[in-house]
Structure formats: structure tokens, C-alpha cells
Number of protein chains: 12
Amino acid sequence: MNHTILILNGPNLNMLGSREPEIYGTQTLDDLQQVCIAHAALLSIALTFVQSNHEGELVDAIQSVRSAHDGLIINAGAFSHTSVAIHDALMMVDKPIIEVHLSNIFQREAFRHHSYVSRPAKGVICGFGVNSYVLALSAMKDLLS
Amino acid sequence: MNHTILILNGPNLNMLGSREPEIYGTQTLDDLQQVCIAHAALLSIALTFVQSNHEGELVDAIQSVRSAHDGLIINAGAFSHTSVAIHDALMMVDKPIIEVHLSNIFQREAFRHHSYVSRPAKGVICGFGVNSYVLALSAMKDLLS
Amino acid sequence: MNHTILILNGPNLNMLGSREPEIYGTQTLDDLQQVCIAHAALLSIALTFVQSNHEGELVDAIQSVRSAHDGLIINAGAFSHTSVAIHDALMMVDKPIIEVHLSNIFQREAFRHHSYVSRPAKGVICGFGVNSYVLALSAMKDLLS
Amino acid sequence: MNHTILILNGPNLNMLGSREPEIYGTQTLDDLQQVCIAHAALLSIALTFVQSNHEGELVDAIQSVRSAHDGLIINAGAFSHTSVAIHDALMMVDKPIIEVHLSNIFQREAFRHHSYVSRPAKGVICGFGVNSYVLALSAMKDLLS
Amino acid sequence: MNHTILILNGPNLNMLGSREPEIYGTQTLDDLQQVCIAHAALLSIALTFVQSNHEGELVDAIQSVRSAHDGLIINAGAFSHTSVAIHDALMMVDKPIIEVHLSNIFQREAFRHHSYVSRPAKGVICGFGVNSYVLALSAMKDLLS
Amino acid sequence: MNHTILILNGPNLNMLGSREPEIYGTQTLDDLQQVCIAHAALLSIALTFVQSNHEGELVDAIQSVRSAHDGLIINAGAFSHTSVAIHDALMMVDKPIIEVHLSNIFQREAFRHHSYVSRPAKGVICGFGVNSYVLALSAMKDLLS
Amino acid sequence: MNHTILILNGPNLNMLGSREPEIYGTQTLDDLQQVCIAHAALLSIALTFVQSNHEGELVDAIQSVRSAHDGLIINAGAFSHTSVAIHDALMMVDKPIIEVHLSNIFQREAFRHHSYVSRPAKGVICGFGVNSYVLALSAMKDLLS
Amino acid sequence: MNHTILILNGPNLNMLGSREPEIYGTQTLDDLQQVCIAHAALLSIALTFVQSNHEGELVDAIQSVRSAHDGLIINAGAFSHTSVAIHDALMMVDKPIIEVHLSNIFQREAFRHHSYVSRPAKGVICGFGVNSYVLALSAMKDLLS
Amino acid sequence: MNHTILILNGPNLNMLGSREPEIYGTQTLDDLQQVCIAHAALLSIALTFVQSNHEGELVDAIQSVRSAHDGLIINAGAFSHTSVAIHDALMMVDKPIIEVHLSNIFQREAFRHHSYVSRPAKGVICGFGVNSYVLALSAMKDLLS
Amino acid sequence: MNHTILILNGPNLNMLGSREPEIYGTQTLDDLQQVCIAHAALLSIALTFVQSNHEGELVDAIQSVRSAHDGLIINAGAFSHTSVAIHDALMMVDKPIIEVHLSNIFQREAFRHHSYVSRPAKGVICGFGVNSYVLALSAMKDLLS
Amino acid sequence: MNHTILILNGPNLNMLGSREPEIYGTQTLDDLQQVCIAHAALLSIALTFVQSNHEGELVDAIQSVRSAHDGLIINAGAFSHTSVAIHDALMMVDKPIIEVHLSNIFQREAFRHHSYVSRPAKGVICGFGVNSYVLALSAMKDLLS
Amino acid sequence: MNHTILILNGPNLNMLGSREPEIYGTQTLDDLQQVCIAHAALLSIALTFVQSNHEGELVDAIQSVRSAHDGLIINAGAFSHTSVAIHDALMMVDKPIIEVHLSNIFQREAFRHHSYVSRPAKGVICGFGVNSYVLALSAMKDLLS
């Protein structure tokens, strides 16, 4: 593998498949990870997955990118809208960051329209379900080339 | 027991009794739990108690309701006003939820007047001290019947 | 009876049962009053009921609490959100006040999220339909003991 | 008497003397009226007093000024802050209007800082307790001369 | 007559003709009613007129539409901008509602630009003086056909 | 014909009939025009129709009213909410202007609640579908008489 | 004389009589002072007058009240709306303070609706022209008795 | 080709390559189109390109999607932030829509943080330069499969 | 001539002379152009004039400055307050830009107080009628020297 | 000389040349005054210069225009954004007033985008450095002719 | 040692030295701690250090102050701006609290201008880098004396 | 002495000791100055003190720092919250600036939470009474070393 990428999922994404399937679809987090691994293999990218409901663990994981990964794909879930701590951790990462969301956050409640992740990220992809992650992998490949 | 209910208390509620007693009274969290257990017994309800100062642990506990409990009584404390993660976890719970507060949050600072817990909850009870929980147990009994 | 309590209902609550039943249920105001009387009897509480669509009559009734009742349970309906006059009348009451709502007002239009009744009230109970009143009677009993 | 003036008092002013005496003092509405009559006599002004907790009755009384009085002194109480209907009724009065308040409304809650009465009024006097009315009578005499 | 319609006028509309004639014209409320009766006769519509300065009486009248009328034409005057109680009463009416205003409320003070009547109404007609009511009768005829 | 009136329709109204029929109905713009012509004939009014998706063409058409028409009925569609240029063009028209909308814009998204057309217009009619235009023609006839 | 009072006038009040006479009348500041002296004599009050266009001089004058006067009548003019320094100086005065304005500031531009003087003042009198000062003297007499 | 897609570019995108290259890169609009055609060929997608500085022409083009294309990729440029007309046109399209931007609009001026295109779009991709379009083509392929 | 300058006028400026003459004066756009030509001749500046009611045509004209002119004087009229597209086009111009207005926009409606043209412009001149353009020519001469 | 004009400079303009030269240039206030005198001589205008860091002195100077000058050119510096006192003084001036700024205040911090000087001024010129004053002199000449 | 003090550092402060050194300097958290220990020794103060990226752990640590320390110096980092839970925990501490920041938070993004830590703290010191902590130790010594 | 520092105190600080002692303590300004002199002597710093209630004098004093002092410690009092003129003067100072306040301004009225002094200052120290100045001297010493 040429590159190693961290895919970070925030709170409640462990419930994928059982949570509001009309918004998030019926695939589980494990399904999502299998789809990502398959696509990453085509791009010669190795993946590490972390999911946590704990803001502090996400901050710890983001800090690890500096030394352990070539890039970060992050769906910070609800913390996208509230966490300055995650914002600050991302500002310290000197590798490409891509923000993803399963749903189109701009079609939802007003409090989801602002994301603290967008500013430190290189780009944003949202609304395509699991395919948001696949597209992010392609985009990451392009950024790392 | 006919039903099993989770009673979830958020940050700083472990300090009950020593924290601003003019607002929260002098009863400790343990006192509160004993009062709840006594009242729940009359209603044939079994109780599980979780208290945490960690937002992530509260999210974990809320996720457990789906499989392990018949309902949830939650005082999310300060996280009521800031946590979209708890809001999202609550939206996934397919059991009755009741929001409680010891104090009348509408008499306090403006930043306590909005609660992310209120929307996913069935109802809200606040301002009656420990009795807020007792009333919530009665309300829960009614919802489960 | 040990205590006498005024239960005050504001505008349009006389239409209960025919008004938006998906929000307010199918019980009429008379049904609600019968349920309250039955529960109050168990608590040795005598009840007086007043319903009015007139803000001034509600103010008059609130002023009467001072001399004629031991406590007040109030669902000010739409006036909860607009009436400083009711707020001011409540501030003069030297007996316990409990605010109730049939629906969970925090799930509805933004203009229903603020209530002028909440500040002068001891506590708030909302979202449990007719049971909101029953719970308020129990809470009132506790406050008067 | 040379002039006849309507003194109009809004909601809860009938409770004067028993309502929050630290803000409003211990004089009753009847005391207030006697003080006004005594002062008005010195100015050759005859007084009519109306107090109501009903917005509509206040609108009716304001409409009567046009044909029955030479001027209006109004303490609209809580309706000062919410009633466009009173504002509109006052806009139709072709006689001098003076707004009075017992307390200094600018030292109180933010929702009391705006009054719909101020725009149609000639002037505003507030914060002097019962003396606010006495000063308003002197001011009215001057306006009518 | 084929249909019976309630025409409801709110506060200060009894002063029509003497109130700010540069905005509202010189016709009285009685004139307005005669014009409406004449036009309604052509449409085989019988009219009932209610005018009140009392919010509660307007709520009562709106509640009566359900059982006594085929439709409602309402000019709630100043209460358009402040009354959630009228809004709620209108939401319960299962007959066509048309909001009218004599003046173009969007050319006036900012606090007149929002009307609680508009949401429950089928449509809005404003700015044509007495003709606003005549147009509303034609529109009502069309809605009832 | 006694009068000649311009009926101006803004962006996307050419799609009438196929656009969100639950809001706008199934009649096409051509149907709408036929209904207007038939009604105008009864009022001895000749009609000119312009529809455009281009803000500049609407401004051009509004400027033409001054020399070529006796009045203007305008449904500026989405430009109602954003176009100061149309507002300014309307302010120069020295003939009666009536604003119409098919739907009741006050029941829709918040960004549709303000219209730059309302201030320069004599009156506003909305919510009656194609009949909004028919009513506007009657209102125009009255204004021109 | 029994009492000595400072009457303080802020910026541009030295131009009284020549400044926008439709708002402020044609009397000069000297005229105003003569009227005050005459009225104060009847009340056994001695007056000191200070007028300044300099915020700092007004602060200095307010600080002098503590040791040199029995009360303060202040028209801070434009500084009413902008000066926290004057607010702070007034908060240190342990004598009665009355705020006056010649015009009714609530009928004017929005930036004149808030006054930093109102909070530290005992009461507010505005809208009566020079008579605002005369009324304030009577009110001061009452406060000092 | 299996599918035909419209790629719509809004105002100033014809200047690509010469406009602020530190934000938008040095590739011209023609370069961008060649990259898209090459990638679309691999996906068996035929492309139509439209660029316009005229809001009306963009509305016209969007209306054409209904009958002439299988999907729409749109970079509305500055109109993203101001055009309700484009929003309304997009709401009528019954084919997949993807919003793209060359730059990460959330890192730029506050007035670029809201886009009227986001709500009617299925998903949003921004910040990847020309690659935003390539990713959108992949996403479109997935949506059409 | 030493320099060539584009003078660009936005929507409704073609109506100059007939539009609200109390604000804009009685000179026509042609008069304005003659005055500019005469003054420009003294400065050895050649002028091109474009006026359009179409936002897109203004964007096209602004884009042409880059290759065809030495500077731009722009009165974007109503588009000043709403057009991000014009803002973006101006940001690409590598020649001096001066914003002009006939009227003092800061004395008019609040929605005219912000202009998207001001940021990309070198300077702003407004309130001097046709002379605003003459002054802008002098300023431009100075900038080009 | 035919006319005499006051040029008034507010706080910190005495530091011109040493203050943030990238914004304000390297010319001193004395340089600026020499440039103005030279240009004014060509226009047969005599100049008086006042600079002060004291708001009160600026108010005094503005008041002097009424009797001592034919017009006023004012750069109120920081007081432009905060001083209602200067606004009020300017409203009393019955001679032409022109507001100038060295920098383009609309390119700077948000708190500099509103100026209390703009409303009473005839026109505004900003962004041209010392040349803003020269242009203002030309504009003043035109206003006085 | 006479006193024992807890120095609490929030999220991302473990990255000190490698995080945006132009803002935070090149000293590491360990360096910072050594500087504090050296200075504290001079003041006879013993120090305990806790750093965490987890909001809950910070709440736990704050709760421990009550029983284990004589005072608290806290740099809550990003949580300063978002954590009501930390605010509430601090409100329960009955020992002196000092808020510190390495950078001057008022020179940074608007979302860093409000700190929930400031209200419960005795005082605030920010902007002096590591020296902020040293000054806080001196201030703490003074508070404890 | 190695350094010379200006300590600047704003409006009402001359009243120290008699002003609201529960907020500001009982020490006078002279006491404060003696404490500063004593501490500065230990640091080999010579002090100059200026106190003024006049905004202009404070601006003058700030301008003098450039040539006459090595640093500035400023408590601008009420002007902190309103004076852009002081902000601008501070921006021109090329020596270290430290903002101090006796009280913790973040515990007080909302209008004291923003300070125009904070941005140009190196750091901020507030809430420690007279010790705020002592700490500022230590901080200044460190900055000058």
C-alpha cells in the first residue's frame, strides 16, 4: 500500500443501520467499512478506522494523524456542529483532511448547517450515503498524488 | 417487576447535596436514588442508575436503552444545553423518554432556557427537586400501560 | 378536604377533544375535569375550575388565588407565550403555582418555546396530555405538605 | 372645573398596595385616586378613573376620550409592552396623552423597556410612585392651557 | 341564500371613518357593512357581522364558525400582529378563512408586517379599503363552489 | 376596451402546471391567461402578458407601463423576495400596481415572507390560485374607475 | 434655600432655540434656566447650572454632586445614548437623580430609545419641553422631603 | 452513452484561470470541460455544458433538465448565495442534482456560507478544484445506477 | 486621449430624469453622459458608456475592463445591494474601480446602506448628483497618473 | 476669496504620516493642509483647519459653522462610528457638509461601516487618501455655486 | 509548602510546542510545567498538573479541588468557549479560581471571545504565553494570603 | 531606572475608594499609585501616572507613549467599551500595551464584556483589584526584557 489513511467516525455512527434509516440508510458501520476497504485497495490505500462517542477520544485520534497517517477522512457527526476542541485539533494536522457526511446536512435542522470541521478541511462531501466515503477516498488519492 | 427503566444523570449531579444547595437542595444523589427506588417499587418498576460527567458515556448509556430498558428518564444537566450528540442518541431510542430537572431551568441563566433533550422527549418535568424524578416515574408508568 | 386548588385553563381549551386531536387527544375539557376530580379526591384536594378565552378574566382569576385558594395549576394556552399581564398577576400570588401543558411545547412552533408563566411558577410539567394535570396535582400535594 | 381628564390604569393595578410593595409601594389604588383628586382640585381639573384587567375595556375607554374628556393619563401596566390594539386606539385620540408608570421601567426586565404607549403619548413620566400621576396632572394642566 | 359567512372585525374598527382617514378612508363600519351586504346578496351569501375590541370575544366568535357558518372573513386589526390565541382558534376552524385588511400593512410600521392570521387563512387580501372585503366575498364564493 | 393592463409573471411561472402541483395547481400559464382574458373582457379591460425568467426583462417591462399601460398586475415569483431592481422600477410607475401570488406565501419558507413588491403596490392578493389574478382584475377595475 | 440642586445639560443644548425648533421649541438655554430658577424659588431650592459639549466635563460635574449638591437633574443629550462613563459616574452619586429630555425620545430615531442615564436615575420625565425640567424640580422636592 | 448530464456553470466561471488563481487554480473553463469529458467517457456519460453570467439563462437551462437530461451538476457561483429563482427552478427538476464548488466555500466570506442550491441538491462536493466535478460525475453515475 | 474609462450604469438609471426627481434630479442619462464627456476631455480621458437593467450584462461589461479599459466608474444601482455576481466580477478587475451614486445612499432605506461594490472599489463618492461622476473622473485621473 | 470653509479632522489624524502608513500613507497632517490650501486657492476658497482628539471640541467647532463658515468638510475619524453628539451638532448646521475619509472604510473592520456623519452630510467621499479632501473641495465649490 | 494548587490544562494543550507556534510559542507542556514548578517553589506553593482532551475528566478534576487543593489555575482551551458542564463544576468550587490563556483570545476568532470560565473565576490573565501561568501563580499567592 | 512606563487610568477611577467599594475595594487612586511605585522600584521601572475623565486627554496621552515611554498599562474604564478613538490611538503605539481592570468585567453587565482595548493590547489582566496593576508591571518587565 502506498498510503495509510485514518477514517474517523463520531458519535452515534456505531448505530448506523438502525438509526433513522430513512436518513442514513440500512447499511451498518461494518458494511460501510467493508465498502471503504474494497475501494481503498483499488487505490493502494490502507485504512484505519476509529469510531467513538467520546469527544476526547476523537481529539486524541486526530492528534495521532500527524505521526501515523497520510491523511484523514472525518465524519464528526453531532460534534461537527459543537466542538471547538475538534476544530483546534484539526488545525494542527499537517496532512490533507476531508469532511464527509452521509446525509445532506443542509436539508436538515438549522443547527446542522454550520460545521466546525469545514474550515480546517480541504474539502467537503455530503449527501451521498456510504458513497460519500468512497468519493472522499478518490479525492484523497488525488490530493496525495 | 413489570418494567425496567434507566435513570440517567449528567455532569455534576454526583455532587448533589454539596452543590449550590439553595438551588438543588441538600439531598445527595444516593438519597435521590433511594427515593426513586422506593417509589418505583410501588409501580412495579425496576431501576438502573447511571451518572457520568462524560458526554460520551451518556451517549453510550442512551444507546443501551434500545435493547436493555423499557424507558428512559434523563437529567442531562449542563449537556442539556450544548449536546447535539445526546440529542441524536435520544432520537434513535424507540422507548418513552422523559426529561427531568431538579430546578426550574426557566428561572435561571438564559443559556439554560433551551434544552436539546426536550425535542426527543415525550414530556418535560422540572422545578420540583427530587420529586421531579418521582413524578417522572408515575408518568412513565402511565406511558408504559 | 385539606386543600383547595384552582385549575385555570386559557383560550381554546374549551374546544378540547375537537381541536387538532393528533396533538391534544380526544378527551374533552369535561373529561379532563372528571379525571382531575377523581385524582384530587385521593389526595384530599378540592378543585375549582375556570376556563376562559379572555385574558382579563384569567388575570381576575389569578388575583383571586391570594384569598380563595391554596395553590394554582395553570395552562394558560396561547397566552403563555404573549401575556405579560398574566406574568405580573402570577408574580403577586403567594401560593404555589404549577404550569402545565397537554403537549410538549418544545416540539412545536418556535413562538411556543417561551412561556411567561414559567418564571413565576414553581415547576413545569408538559407533554403528558391529561396526565400532565394529574401529575401536577401530585406535585401540588407535595408542595403543600 | 375647567377640564375633565380620564386616568386609566391597566392590569393588576387594582392590586396596588399588596403587589410587590418593594417596587410599587404600600398605597392602594384608592389611595392613589384620592391623592390625584386632591391635586386635580387645585388645578381645577375633574377626574374620571377607570381600571381594568381587560385589554378590550381599556381600548373602549381610550376611544371614549375623543368625545368625553379633555385629556388622558394612562398607565397601561403590562399591556404597555404588548398591546398594539391600545397603541392604535391611542393614535386616534385627538387630545393630549401622558404615559405614567409607578416604577422606573428601565431598571426592570428587558421586556418592560419598550412601551407601545410612548409613541402616541405627548410625554412620559415614570419612577416616582404615586407622584408620577401628580406630576402628570401638572403637565396636563400645562398642555391644556 | 346558499351560504352564510361571518365577517369579523377586530379592535378599533368600530372607529372606522373617524380614525386616521388618510389611511382608512371616510366610510364608517356601518357603510362597510352595507357595501358587503349588497355584494353578498348578488352572490347568494348571507352575512353575520361581529366587531369587538376584546380578544376573547373574537376567539369566541371564531370558535362559533365551526357550527354556525360556512366561512370566515377576518380583519383582526391590531390583534393580527400579537394574538397567538386567535391563531390557535383559527387553526381549529374547518371552513375557509380569508384575511383582509383595509390598508396595505406592508407599507406601514415593521410591527405590522407579520400577521398570526395569515398562516391559518386560505388567502390574504389587503390594501383596497372597503373593496378588500368585497373581493374577499367573491373569493369566498369561489372557494365554496 | 376602456383600459389596457399589463400582467407580468416572473421566473418559473412558465412551468405552471408541471411545477409542484400540490402548491400551484394543474393549470398551465396558458390556462391562466385564458381565464384572465375572459374575465377582463367582462370588465372592458385589454390585457398584455409578459413572462420572463430574466430580472432585467421584468425591469424593462415594468418601465414600459409608464407609457403603454393603465395599470400593472405583477407576480414577480422568486424575484419578489430578492430584487431591489424590481422594487426601484415599480417605484417609478405612476399607475396602479397590484401584487398577486398563486400560493399563500405566508404559509411557506421564511425567505418568502418578505416581498420587495409589496411596498410600491397598492394592494396584495395571495393564496387563491388562478383566482388571485381574477380578483386583481376586479380590484384594478375599481381603482381605475 | 433648603436644598441645592445641580441641573446638568449635555451636548448641543447650548444651541437651544436655534436647533430644530420644531422639535425643541424656540426658547434658549438661558430662557430655560430662568424658568427653572423661578420655579425652584417657590420650592426653596437653589440651582446650579452646567452645560457642556465635553463628556469629561459632564463626568466631572456629576462627581461633584456627592459633596456639593442635594440632587441632580440631568439631560445628557446625545451622551444619554452612548456614554458608559456618564452611567458609571451616576452610579456613584448617593443623591436623587432625575433624567429629563425636552422631546419624547421614544418618538425619534431608534438609537435614541435606549438611555444609559435611565438605570441610575430615580425616574424619567420626557416630552414636555422646558416643562420637563419644571416637573423634575417638583419631583425632586418630593424626593428630598 | 447511457446517460446524458448537464453541467451548468454560473457567473464569472468563464474567467476561470485568470480569476484569483490562488483560490481557483490556473485551469481554464475549457480545461475543466476537457477533464470532465474524459472522465465521463469512462462512465458512459455524455455531457452538455452551459455557462452563463445571466441568472435567467441559468433558470432556463435548469428547466430544460426535466425533458433533456438525466441529471444536473451545478456550480451556480455567486448566484448560489442570492438566487431564489434558481432554487425554485431546481425544486422542479425530477432528476438527480449535485452541487459543486471549486473552492471550499466555508473557508471564505460569511456571505458564501449559505447556498440556495444545497436544499434541492442530492449532495454537495466542494473544495477539490476541478476534481470536484470529476467526483460529482462519479457520484452521479452511482445515483443513476 | 491618454486613458480610456468605462462608465457603467445599472438598473433603472436609463429612467434618469423621470424617476423620483426629488431624489435623482431632472437631468437624463444622456445629459449625464454629455457632462462626463466634457469633463473627461479636459482630463484627456476617453469614455465608454454602458447602461443595463440586466445583471448578467453588467457582469459581462465588468469582465471586459480587464482587456479594454484603463479603469471603471460604476453606479450599480439596485444591484449594489444584492449582487454577489457583480462583486465577484469586480474582484477580478486589475484596474482602478470607483463606486459612485447620485444620491447619498446612507440617507435612504436601510437595505441601501450596504453595497457589494464598495469592497472591490478603490473609493466611493456619493450624494453629489451628476457631479459624483465628474468627481470620480478627477479621482480616476489621479489614480492613473 | 469668495467662500470660507472649515476642514475638521477628528481623533488621531494629528498622527498622520506615522500611523499605519500602509492604510493612511506617509503624508502628514501638515502636508494634507498644504495640498488643500493650494487647491482651495484655485477655487477662491479660504480654509480654516481644526484638528482635535476631543469630541467636545469637535462639537464646538461644528456649532461655529453656522455663524463663521460657508461649508464644512469633516473627517470625524473614529468618532464617525460612535458619536451621536457630533451627529446632533451636524444636524443643526444650515450649510453644506461633506464627509471624507482617507481610507475606504467599507474595506475595514465591521465597526467602521456605519458613520453617524453620513446622514447629516450632503455627500460622502472616501478611499482616495489626501485626494479625498481635494475632491471634497471641488464638490463644495459646486454646492456653493 | 504552604499551599497546594491544581493547574488544569484542557484539550490540545498536550500538543504545545508543535501546535501553531506563531500563536502558542515553541515551549512544550513539559517546559511550561517546569517553569511553573520553579516559580511556585519561590512562593511555597506545591503544584499538581492535569491535562486532558476529555471534558468529563476536566469536570472530575475540578470537582476534586474542593477536597484536595487550595486553589485552581485553569486553561480550559477550546472547552472555555463551549462547556456549560465545566462552568457548573467551577461554580461549586469554594476555592480561588484563576483563568489563564497563552494567547490573547480577544485577538482571535469571534467564537473565542466568550469564555464560560470567566464568570466563576476570580480573575483572568491572557496573552502572555507561559508567563500567563507565572503571573497567575503570583496572583494566587496574593489571594491565599 | 531601566524602563519608563505610563499607567493610564480612565473615567471615574479618580473616585476609587468611594465608588461602589464592594466592587472596587476601599483603596484610593493614590493608594493604588503608591503600591505600583513600590513594586516598580523592585523591577527598576519608573512610572508616570495619568488619570482623566476626558476621552481626548486619554488619546493624547496614548499618542505620547510613542516618544516618551517604553510601555503602557491602561485601564480605560468605561471607555474600554465605547471608544474607537482610544482603539485607534493604541493601534499606533509601537510599544507593549497591557490592559488591566480592577474588577472581573466578565461577571458584570453585558455591555462591559467587550473591550476595544483588548485587540491592540499584548495581554489582559482583570479581577485582582489593585494587584491587577502589580501583575501587569511584572508582565511588562518580562516583555521588555
# chains A, B, ... in the order shown; residues from 1 in each chain; ligands from 1
call {"tool": "residues_around", "arguments": {"residues": "range 93-106 of chain G", "least_positions_apart": "3", "cutoff": "9 Å", "atoms": "only C-alpha atoms", "output": "VMD selection string"}}
result
(chain D and resid 114 to 115 118 to 119 121 to 124) or (chain G and resid 23 to 25 62 to 66 69 to 77 89 to 90 109 to 110 112 to 114 117 to 118 120 to 133 136 to 137 139 to 140 143 to 144) or (chain L and resid 19)
call {"tool": "closest_atom_pairs", "arguments": {"of": "chain L", "to": "chain G", "cutoff": "7 Å", "atoms": "only C-alpha atoms", "output": "CSV"}}
result
residue,atom,partner,partner_atom,distance
L:Pro11,CA,G:Ala85,CA,6.1
L:Asn12,CA,G:Ala89,CA,6.2
L:Arg19,CA,G:Met92,CA,5.4
L:Glu20,CA,G:Met92,CA,6.7
L:Asn53,CA,G:Gly56,CA,4.7
L:His54,CA,G:Gly56,CA,4.1
L:Glu55,CA,G:Gly56,CA,6.9
L:Ala78,CA,G:Ala85,CA,4.9
L:Phe79,CA,G:Ala85,CA,6.6
call {"tool": "atom_distance", "arguments": {"atom1": "CA of Asp142 in chain I", "atom2": "CA of Leu135 in chain J"}}
result
10.5 Å
call {"tool": "select_by_dssp", "arguments": {"residues": "chain L", "states": "alpha helix (DSSP H)", "output": "ChimeraX atom specification"}}
result
/L:21-24,29-42,55-68,84-91,131-144
call {"tool": "residues_around", "arguments": {"residues": "Gln33 in chain A", "least_positions_apart": "2", "cutoff": "12 Å", "atoms": "only C-alpha atoms", "output": "PyMOL selection string"}}
result
chain A and resi 6-9+13-14+16+27-31+35-40+46-51+130-131+133-134
call {"tool": "write_last_selection", "arguments": {"atoms": "N, CA and C atoms", "output": "short mmCIF file (atom, residue, chain, number, x, y, z; two decimals), in the first residue's frame"}}
result
data_model
loop_
_atom_site.label_atom_id
_atom_site.label_comp_id
_atom_site.auth_asym_id
_atom_site.auth_seq_id
_atom_site.Cartn_x
_atom_site.Cartn_y
_atom_site.Cartn_z
N LEU A 6 -6.58 7.57 7.94
CA LEU A 6 -7.48 7.34 9.08
C LEU A 6 -8.88 7.77 8.69
N ILE A 7 -9.85 6.88 8.91
CA ILE A 7 -11.26 7.24 8.74
C ILE A 7 -11.89 7.29 10.12
N LEU A 8 -12.33 8.50 10.48
CA LEU A 8 -12.78 8.75 11.84
C LEU A 8 -14.28 9.02 11.83
N ASN A 9 -15.02 8.26 12.64
CA ASN A 9 -16.47 8.45 12.74
C ASN A 9 -16.85 8.85 14.16
N LEU A 13 -22.52 7.04 15.15
CA LEU A 13 -22.33 6.37 13.87
C LEU A 13 -22.15 4.86 14.07
N ASN A 14 -21.87 4.43 15.30
CA ASN A 14 -21.87 2.98 15.61
C ASN A 14 -23.28 2.38 15.49
N LEU A 16 -25.27 2.96 13.02
CA LEU A 16 -25.66 3.02 11.61
C LEU A 16 -26.42 1.75 11.22
N GLN A 27 -27.38 0.26 5.76
CA GLN A 27 -26.05 -0.34 5.92
C GLN A 27 -25.50 -0.03 7.31
N THR A 28 -24.80 -1.01 7.89
CA THR A 28 -24.19 -0.82 9.20
C THR A 28 -22.80 -0.19 9.05
N LEU A 29 -22.23 0.20 10.19
CA LEU A 29 -20.89 0.78 10.16
C LEU A 29 -19.90 -0.25 9.61
N ASP A 30 -20.13 -1.53 9.92
CA ASP A 30 -19.26 -2.57 9.41
C ASP A 30 -19.38 -2.67 7.89
N ASP A 31 -20.60 -2.61 7.39
CA ASP A 31 -20.81 -2.59 5.93
C ASP A 31 -20.03 -1.43 5.31
N VAL A 35 -17.01 -1.58 2.44
CA VAL A 35 -17.05 -0.86 1.16
C VAL A 35 -15.81 0.02 1.00
N CYS A 36 -15.43 0.68 2.08
CA CYS A 36 -14.25 1.55 2.02
C CYS A 36 -12.98 0.76 1.76
N ILE A 37 -12.83 -0.36 2.46
CA ILE A 37 -11.62 -1.18 2.30
C ILE A 37 -11.48 -1.67 0.86
N ALA A 38 -12.61 -2.08 0.31
CA ALA A 38 -12.59 -2.58 -1.07
C ALA A 38 -12.15 -1.48 -2.04
N HIS A 39 -12.73 -0.30 -1.87
CA HIS A 39 -12.38 0.79 -2.78
C HIS A 39 -10.94 1.27 -2.55
N ALA A 40 -10.54 1.32 -1.28
CA ALA A 40 -9.18 1.78 -0.96
C ALA A 40 -8.14 0.85 -1.56
N ALA A 46 -4.18 1.98 2.49
CA ALA A 46 -4.52 1.19 3.68
C ALA A 46 -5.32 2.06 4.63
N LEU A 47 -6.31 1.47 5.27
CA LEU A 47 -7.22 2.25 6.11
C LEU A 47 -7.15 1.85 7.57
N THR A 48 -7.29 2.82 8.45
CA THR A 48 -7.52 2.58 9.87
C THR A 48 -8.86 3.21 10.20
N PHE A 49 -9.67 2.49 10.96
CA PHE A 49 -10.98 3.01 11.33
C PHE A 49 -11.06 3.27 12.83
N VAL A 50 -11.56 4.42 13.21
CA VAL A 50 -11.86 4.70 14.62
C VAL A 50 -13.26 5.28 14.69
N GLN A 51 -14.05 4.75 15.60
CA GLN A 51 -15.36 5.35 15.88
C GLN A 51 -15.44 5.57 17.38
N VAL A 130 -23.16 6.08 2.00
CA VAL A 130 -21.85 5.44 2.11
C VAL A 130 -20.92 5.90 0.98
N ASN A 131 -21.51 6.24 -0.15
CA ASN A 131 -20.70 6.68 -1.29
C ASN A 131 -19.93 7.98 -0.98
N TYR A 133 -18.07 8.44 1.48
CA TYR A 133 -16.74 7.98 1.92
C TYR A 133 -15.92 7.50 0.73
N VAL A 134 -16.56 6.81 -0.19
CA VAL A 134 -15.86 6.30 -1.38
C VAL A 134 -15.32 7.47 -2.21
#
